[in-house]
Amino acid sequence: PESFFTNLSKVETIKLPTTVFNSIGAEAFAGCSYLKELPVTRANSIGESAFRNCSSLVEVDIYVANEVGDGIFDNCSNLKKATINKLTDMMFYYCNSLEEIIFSGVINNIPDRAFQGCSSLKTFDFSSICDVGEYAFYGTGISYVHLYNKGNVGYCAFGNLPSNTYVKIDSPMNIHYEAFSSAYSQNITQIGQLSINGGVTWVNKTYGNCLIYNS
């Protein structure tokens with residue numbers, strides 16, 4: 001049910017009869033800040049913010065057959081490794097310890113804010129990715145972005161990356177003109193190098209220069 005275990009802040013372990021469920025409600029385990037492992041490994045659906053603020057989780061491995069709500073691991077601040085088969089908006093929003101993502105299925109699109117604020121995320125495999133949503137990688141530690149496939153890149157998708165970031169584009173893409181902008185601080189992101197080997201259409205180019213690169 002929704003919010004069933006919400007804010008059981010001192011509970012480290014929740015033992016249930018099974019780890020396979022038909023449905024996990026929205027915010028079902030939200031705020032269980034001492035919970036050290038997921039009591040769920042598989043579900044048909046998981047509601048939004050189901051594990052938000054579970055700040056003691058270090059590693060998660062979960063398979064969801066159908067629907068996944070937004071922000072299910074929002075602000076799980078000690079989460080380092082995640083194995084998942086689906087992505088949704090804000091799934092790992094400000095999981096600032098996240099270092100490794102393993103996909104157990106093919107992921108083609110990165111939803112809005114999926115990894116925003118994941119400052120410990122240094123590498124990411126873009127080989128299957130077509131579309132990158134707004135703020136998807138904003139504030140991550142990624143220093144190499146290689147976009148292989150035709151697709152779209154949204155507003156601030158790669159904003160506030162390290163200054164030595166190398167961006168390589170090998171297929172025709174529609175890229176928002178402020179895809180590399182640091183909108184929150186109103187500063188321009190400086191990336192180290194931009195290489196365009198496919199055609200790029202800059203979308204919503206209305207003013208200024210929001211992309212600066214060194215070479």
# chains A, B, ... in the order shown; residues from 1 in each chain; ligands from 1
call {"tool": "residues_around", "arguments": {"residues": "region 100-107 of chain A", "least_positions_apart": "4", "cutoff": "6 Å", "atoms": "only C-alpha atoms", "output": "VMD selection string"}}
result
chain A and resid 81 to 85
call {"tool": "write_last_selection", "arguments": {"atoms": "N, CA and C atoms", "output": "PDB file, in the first residue's frame"}}
result
ATOM      1  N   LYS A  81      25.726   1.784  -5.968  1.00  0.00           N
ATOM      2  CA  LYS A  81      25.594   0.919  -7.131  1.00  0.00           C
ATOM      3  C   LYS A  81      24.133   0.527  -7.310  1.00  0.00           C
ATOM      4  N   ALA A  82      23.658   0.560  -8.570  1.00  0.00           N
ATOM      5  CA  ALA A  82      22.272   0.193  -8.851  1.00  0.00           C
ATOM      6  C   ALA A  82      22.201  -0.658 -10.107  1.00  0.00           C
ATOM      7  N   THR A  83      21.441  -1.736 -10.026  1.00  0.00           N
ATOM      8  CA  THR A  83      21.143  -2.574 -11.185  1.00  0.00           C
ATOM      9  C   THR A  83      19.645  -2.481 -11.437  1.00  0.00           C
ATOM     10  N   ILE A  84      19.276  -1.984 -12.620  1.00  0.00           N
ATOM     11  CA  ILE A  84      17.869  -1.719 -12.931  1.00  0.00           C
ATOM     12  C   ILE A  84      17.581  -2.091 -14.375  1.00  0.00           C
ATOM     13  N   ASN A  85      16.301  -2.208 -14.716  1.00  0.00           N
ATOM     14  CA  ASN A  85      15.923  -2.506 -16.092  1.00  0.00           C
ATOM     15  C   ASN A  85      15.098  -1.394 -16.726  1.00  0.00           C
TER      16      ASN A  85
END
call {"tool": "select_by_dssp", "arguments": {"residues": "region 78-192 of chain A", "states": "strand (DSSP E or B)", "output": "VMD selection string"}}
result
chain A and resid 81 to 84 100 to 103 109 to 110 131 to 132 144 to 147 151 to 153 166 to 169 173 to 176 181 to 182 187 to 188 190 to 191
call {"tool": "atom_distance", "arguments": {"atom1": "CA of Tyr93 (chain A)", "atom2": "CA of Phe115 (chain A)"}}
result
5.5 Å
call {"tool": "residues_around", "arguments": {"residues": "Asn149 (chain A)", "least_positions_apart": "4", "cutoff": "7 Å", "atoms": "only C-alpha atoms", "output": "list in words"}}
result
Ile129, Cys130 and Ser171 of chain A
call {"tool": "decode", "arguments": {"residues": "region 31-169 of chain A", "atoms": "C-alpha atoms", "output": "short mmCIF file (atom, residue, chain, number, x, y, z; two decimals), in the first residue's frame"}}
result
data_model
loop_
_atom_site.label_atom_id
_atom_site.label_comp_id
_atom_site.auth_asym_id
_atom_site.auth_seq_id
_atom_site.Cartn_x
_atom_site.Cartn_y
_atom_site.Cartn_z
CA GLY A 31 12.07 7.98 4.70
CA CYS A 32 13.26 4.62 6.05
CA SER A 33 16.63 6.22 6.57
CA TYR A 34 18.26 3.24 8.35
CA LEU A 35 17.06 0.61 5.86
CA LYS A 36 20.18 -1.17 4.57
CA GLU A 37 18.77 -3.37 1.82
CA LEU A 38 15.69 -3.48 -0.37
CA PRO A 39 13.00 -5.87 0.83
CA VAL A 40 11.93 -6.15 -2.83
CA THR A 41 13.80 -7.69 -5.78
CA ARG A 42 11.02 -7.87 -8.36
CA ALA A 43 7.65 -6.21 -8.92
CA ASN A 44 5.15 -5.62 -11.67
CA SER A 45 4.87 -1.97 -10.69
CA ILE A 46 6.44 0.49 -8.25
CA GLY A 47 4.86 3.81 -7.29
CA GLU A 48 6.60 7.16 -7.26
CA SER A 49 9.13 7.95 -4.53
CA ALA A 50 8.82 4.41 -3.17
CA PHE A 51 12.32 4.46 -1.63
CA ARG A 52 12.92 8.21 -1.46
CA ASN A 53 15.31 9.30 1.32
CA CYS A 54 16.38 5.74 2.16
CA SER A 55 19.78 7.16 2.96
CA SER A 56 21.40 3.93 4.24
CA LEU A 57 20.93 1.96 1.02
CA VAL A 58 24.32 1.29 -0.58
CA GLU A 59 23.43 -1.13 -3.38
CA VAL A 60 20.12 -1.98 -5.09
CA ASP A 61 19.17 -4.65 -7.62
CA ILE A 62 15.57 -4.58 -8.76
CA TYR A 63 13.54 -5.69 -11.78
CA VAL A 64 10.22 -4.06 -12.63
CA ALA A 65 8.05 -5.67 -15.29
CA ASN A 66 5.70 -2.81 -16.06
CA GLU A 67 5.17 0.62 -14.55
CA VAL A 68 7.76 2.54 -12.53
CA GLY A 69 6.93 5.82 -10.83
CA ASP A 70 9.14 8.89 -10.81
CA GLY A 71 11.86 9.44 -8.24
CA ILE A 72 11.82 6.00 -6.65
CA PHE A 73 15.38 6.42 -5.32
CA ASP A 74 15.28 10.20 -4.98
CA ASN A 75 17.92 11.44 -2.51
CA CYS A 76 19.24 8.02 -1.47
CA SER A 77 22.43 9.80 -0.53
CA ASN A 78 24.65 6.76 0.20
CA LEU A 79 23.60 4.64 -2.77
CA LYS A 80 26.73 3.62 -4.70
CA LYS A 81 25.59 0.92 -7.13
CA ALA A 82 22.27 0.19 -8.85
CA THR A 83 21.14 -2.57 -11.19
CA ILE A 84 17.87 -1.72 -12.93
CA ASN A 85 15.92 -2.51 -16.09
CA LYS A 86 13.95 0.74 -16.44
CA LEU A 87 14.54 4.46 -15.96
CA THR A 88 12.07 7.20 -15.04
CA ASP A 89 12.14 10.90 -14.29
CA MET A 90 14.22 11.76 -11.23
CA MET A 91 14.93 8.10 -10.51
CA PHE A 92 18.33 8.84 -8.93
CA TYR A 93 17.81 12.54 -8.26
CA TYR A 94 20.69 13.79 -6.09
CA CYS A 95 22.00 10.34 -5.24
CA ASN A 96 25.35 12.03 -4.81
CA SER A 97 27.28 8.85 -3.91
CA LEU A 98 26.14 6.90 -6.97
CA GLU A 99 29.16 5.54 -8.86
CA GLU A 100 27.89 2.63 -10.96
CA ILE A 101 24.77 1.90 -12.99
CA ILE A 102 24.11 -1.53 -14.52
CA PHE A 103 21.23 -1.96 -16.94
CA SER A 104 19.67 -5.43 -17.03
CA GLY A 105 17.70 -4.40 -20.14
CA VAL A 106 18.26 -2.09 -23.11
CA ILE A 107 17.83 1.60 -22.28
CA ASN A 108 17.38 3.99 -25.21
CA ASN A 109 16.22 7.16 -23.48
CA ILE A 110 17.36 9.02 -20.37
CA PRO A 111 14.33 10.71 -18.76
CA ASP A 112 14.31 14.21 -17.28
CA ARG A 113 16.53 14.66 -14.21
CA ALA A 114 17.21 10.91 -14.00
CA PHE A 115 20.77 11.42 -12.71
CA GLN A 116 20.68 15.09 -11.74
CA GLY A 117 23.08 15.82 -8.90
CA CYS A 118 24.81 12.41 -9.03
CA SER A 119 28.18 14.05 -8.55
CA SER A 120 30.06 10.76 -7.99
CA LEU A 121 28.91 9.31 -11.32
CA LYS A 122 32.07 9.62 -13.44
CA THR A 123 31.35 7.33 -16.41
CA PHE A 124 28.30 6.29 -18.39
CA ASP A 125 27.80 4.04 -21.43
CA PHE A 126 25.90 6.08 -24.04
CA SER A 127 26.14 3.43 -26.80
CA SER A 128 22.39 2.65 -26.85
CA ILE A 129 21.12 6.11 -25.92
CA CYS A 130 19.08 8.19 -28.38
CA ASP A 131 17.28 10.85 -26.33
CA VAL A 132 18.56 12.67 -23.24
CA GLY A 133 15.98 14.59 -21.23
CA GLU A 134 16.16 17.92 -19.45
CA TYR A 135 18.71 18.07 -16.62
CA ALA A 136 19.32 14.32 -17.10
CA PHE A 137 23.04 14.48 -16.21
CA TYR A 138 23.14 17.94 -14.67
CA GLY A 139 25.83 18.18 -12.01
CA THR A 140 27.27 14.70 -12.54
CA GLY A 141 31.00 13.97 -12.63
CA ILE A 142 30.95 12.61 -16.18
CA SER A 143 33.91 13.82 -18.21
CA TYR A 144 33.34 11.90 -21.47
CA VAL A 145 30.05 12.04 -23.38
CA HIS A 146 29.92 10.06 -26.61
CA LEU A 147 26.56 10.24 -28.40
CA TYR A 148 26.37 7.56 -31.09
CA ASN A 149 22.72 7.59 -32.16
CA LYS A 150 20.25 9.94 -33.82
CA GLY A 151 18.13 11.63 -31.20
CA ASN A 152 17.46 14.67 -29.03
CA VAL A 153 19.22 16.38 -26.13
CA GLY A 154 17.14 18.56 -23.81
CA TYR A 155 17.60 21.75 -21.87
CA CYS A 156 20.52 21.62 -19.39
CA ALA A 157 20.89 17.88 -20.03
CA PHE A 158 24.66 18.14 -19.56
CA GLY A 159 24.84 21.32 -17.52
CA ASN A 160 27.42 21.86 -14.79
CA LEU A 161 29.75 19.03 -15.84
CA PRO A 162 33.52 19.04 -15.09
CA SER A 163 35.44 21.67 -17.04
CA ASN A 164 37.57 19.02 -18.78
CA THR A 165 34.56 17.20 -20.25
CA TYR A 166 34.95 15.90 -23.80
CA VAL A 167 31.74 15.72 -25.84
CA LYS A 168 31.71 13.71 -29.06
CA ILE A 169 28.67 13.59 -31.35
#
